[in-house]
Amino acid sequence: MPRSSTPHPASRARAGLGEAERARSFRHRLLAWYARAARDLPWRHTRDPYRVLVSEMMLQQTQVSRVEEFYPRFLARFPDLATLARARPRAVREAWDGLGYYARARNLHALARVVVRRTDATLPDDPAELVKLPGVGPYTAGAVATFAYEKAVPAVDTNASRVIKRVFFGARAARTRPKDVWAVARALVPKDGKRAWRFNQAVMELGALVCRARHPACPVCPVRPACRTGSRLAPNQRGRRHGDESQPTGN
Ligand code: SF4
């Protein structure tokens with residue numbers, strides 16, 4: 001948890017939550033909410049590393065509804081890494097047409113060609129190895145490790161970062177460095193791989209559906225009692241949503 005933001009014991013007592021308790025409460029509330037509110041998305045039904053990777057590449061800067069449309073079509077045409085590696089660039093581009101940001105398709109294609117030359121022709125499960133592949137950054141590396149291999153590692157995308165900043169850094173959210181957000185995420189991820197999978201999905205889901213960038217729904221947020229930002233709401237604000245002028249910062 002953020003060491004430098006730990007309040008003085010007196011103010012901690014007033015705030016009512018210590019950092020360890022905040023983390024426990026956040027995890028518990030988040031996982032309970034995810035169990036009842038998560039969207040049924042196609043890539044949540046697979047642990048196939050290639051299929052997980054395709055979904056993650058497609059979801060970068062693209063709406064879920066668009067990806068839901070393109071994802072099954074792309075996989076029908078290129079069902080595995082080997083098929084994608086053999087494909088002509090033009091065919092890959094055609095299958096990606098309409099999704100935009102074509103560099104993602106180029107990277108995915110290049111990645112497939114690199115991976116099929118490996119001895120096991122399989123995507124690695126270690127984020128430190130994954131991040132060496134074309135188009136794979138720290139988030140995508142963590143996402144493949146946790147969502148395909150159920151590794152107990154964090155995957156911090158824009159949504160997850162916003163949630164962690166608001167919950168654990170409160171008023172300092174806007175000044176928080178990415179490495180501090182990742183450190184908190186690392187400490188929060190459950191050690192059990194299946195719970196880690198659910199936790200990582202759940203943080204991103206909360207950021208997408210509730211703790212949105214412009215209109216966070218703090219009054220109905222399941223983790224609000226554990227959140228440094230949402231718990232600051234005045235009693236008369238609890239029944240309505242934030243407007244732009246009063247929304248939490250730190251996107
Ligand atoms: S209470 Fe508000 S700021 Fe905190 S996680 Fe929920 S929606 Fe985000």
# chains A, B, ... in the order shown; residues from 1 in each chain; ligands from 1
>>> residues_near_ligand(ligand="ligand 1", cutoff="10 Å", atoms="only C-alpha atoms and all ligand atoms", output="PyMOL selection string")
chain A and resi 26+30+160+162-168+170+203+206-207+209-213+215-233+241-242+247-250
>>> closest_residue(among="A:Tyr101, A:Tyr50, A:Gln63, A:Arg29", to="Phe78 (chain A)", atoms="only C-alpha atoms")
A:Tyr50
>>> closest_residue(among="A:Thr140, A:Gly98, A:Pro49, A:Leu81", to="Arg66 (chain A)", atoms="only C-alpha atoms")
A:Gly98
>>> residues_around(residues="Ala35 (chain A)", least_positions_apart="3", cutoff="9 Å", atoms="only C-alpha atoms", output="PyMOL selection string")
chain A and resi 30-32+38+198+202
>>> residues_around(residues="Met57 (chain A)", least_positions_apart="4", cutoff="12 Å", atoms="only C-alpha atoms", output="number ranges by chain")
A: 43, 50-53, 61-64, 67, 70-71, 74, 96, 99-109, 111, 134-137, 139-141, 143-144
>>> write_last_selection(atoms="C-alpha atoms", output="mmCIF file, in the first residue's frame")
data_model
loop_
_atom_site.group_PDB
_atom_site.id
_atom_site.type_symbol
_atom_site.label_atom_id
_atom_site.label_comp_id
_atom_site.auth_asym_id
_atom_site.auth_seq_id
_atom_site.Cartn_x
_atom_site.Cartn_y
_atom_site.Cartn_z
ATOM 1 C CA TRP A 43 -12.513 -13.893 -23.915
ATOM 2 C CA TYR A 50 -3.278 -17.016 -28.167
ATOM 3 C CA ARG A 51 -6.967 -16.197 -27.787
ATOM 4 C CA VAL A 52 -6.299 -14.167 -24.671
ATOM 5 C CA LEU A 53 -3.549 -12.268 -26.500
ATOM 6 C CA GLN A 61 -8.096 1.769 -27.376
ATOM 7 C CA THR A 62 -11.169 0.012 -28.744
ATOM 8 C CA GLN A 63 -14.665 -0.383 -27.327
ATOM 9 C CA VAL A 64 -15.677 -3.785 -26.011
ATOM 10 C CA VAL A 67 -14.106 -6.181 -30.197
ATOM 11 C CA PHE A 70 -14.335 -8.673 -34.642
ATOM 12 C CA TYR A 71 -12.894 -11.196 -32.180
ATOM 13 C CA PHE A 74 -10.574 -13.025 -36.583
ATOM 14 C CA TRP A 96 -8.417 -6.306 -38.902
ATOM 15 C CA LEU A 99 -10.897 -2.036 -35.931
ATOM 16 C CA GLY A 100 -8.334 0.699 -36.561
ATOM 17 C CA TYR A 101 -4.835 1.130 -35.127
ATOM 18 C CA TYR A 102 -3.480 -1.330 -37.666
ATOM 19 C CA ALA A 103 -0.060 -1.346 -35.954
ATOM 20 C CA ARG A 104 -1.634 -3.765 -33.476
ATOM 21 C CA ALA A 105 -2.331 -6.267 -36.247
ATOM 22 C CA ARG A 106 1.188 -5.864 -37.626
ATOM 23 C CA ASN A 107 2.629 -6.476 -34.162
ATOM 24 C CA LEU A 108 0.400 -9.494 -33.581
ATOM 25 C CA HIS A 109 1.475 -10.967 -36.888
ATOM 26 C CA LEU A 111 4.742 -11.791 -32.683
ATOM 27 C CA PRO A 134 6.512 -7.269 -30.584
ATOM 28 C CA GLY A 135 3.727 -4.971 -29.407
ATOM 29 C CA VAL A 136 3.648 -6.345 -25.871
ATOM 30 C CA GLY A 137 3.948 -3.778 -23.067
ATOM 31 C CA TYR A 139 0.003 -4.394 -19.234
ATOM 32 C CA THR A 140 -0.407 -6.943 -22.045
ATOM 33 C CA ALA A 141 2.388 -9.086 -20.573
ATOM 34 C CA ALA A 143 -2.741 -9.775 -18.853
ATOM 35 C CA VAL A 144 -1.519 -12.841 -20.781
#
>>> closest_residue(among="A:Ala174, A:Val116, A:Ala155, A:Phe199", to="Arg86 (chain A)", atoms="only C-alpha atoms")
A:Val116
>>> select_by_dssp(residues="region 94-163 of chain A", states="helix (DSSP H, G or I)", output="number ranges by chain")
A: 94-96, 103-115, 127-130, 138-147, 158-163
>>> closest_residue(among="A:Arg172, A:Lys151, A:Arg39, A:Arg93", to="Pro127 (chain A)", atoms="only C-alpha atoms")
A:Lys151
>>> closest_residue(among="A:Arg73, A:Asp48, A:Val114, A:Asp180", to="Ala145 (chain A)", atoms="only C-alpha atoms")
A:Asp48
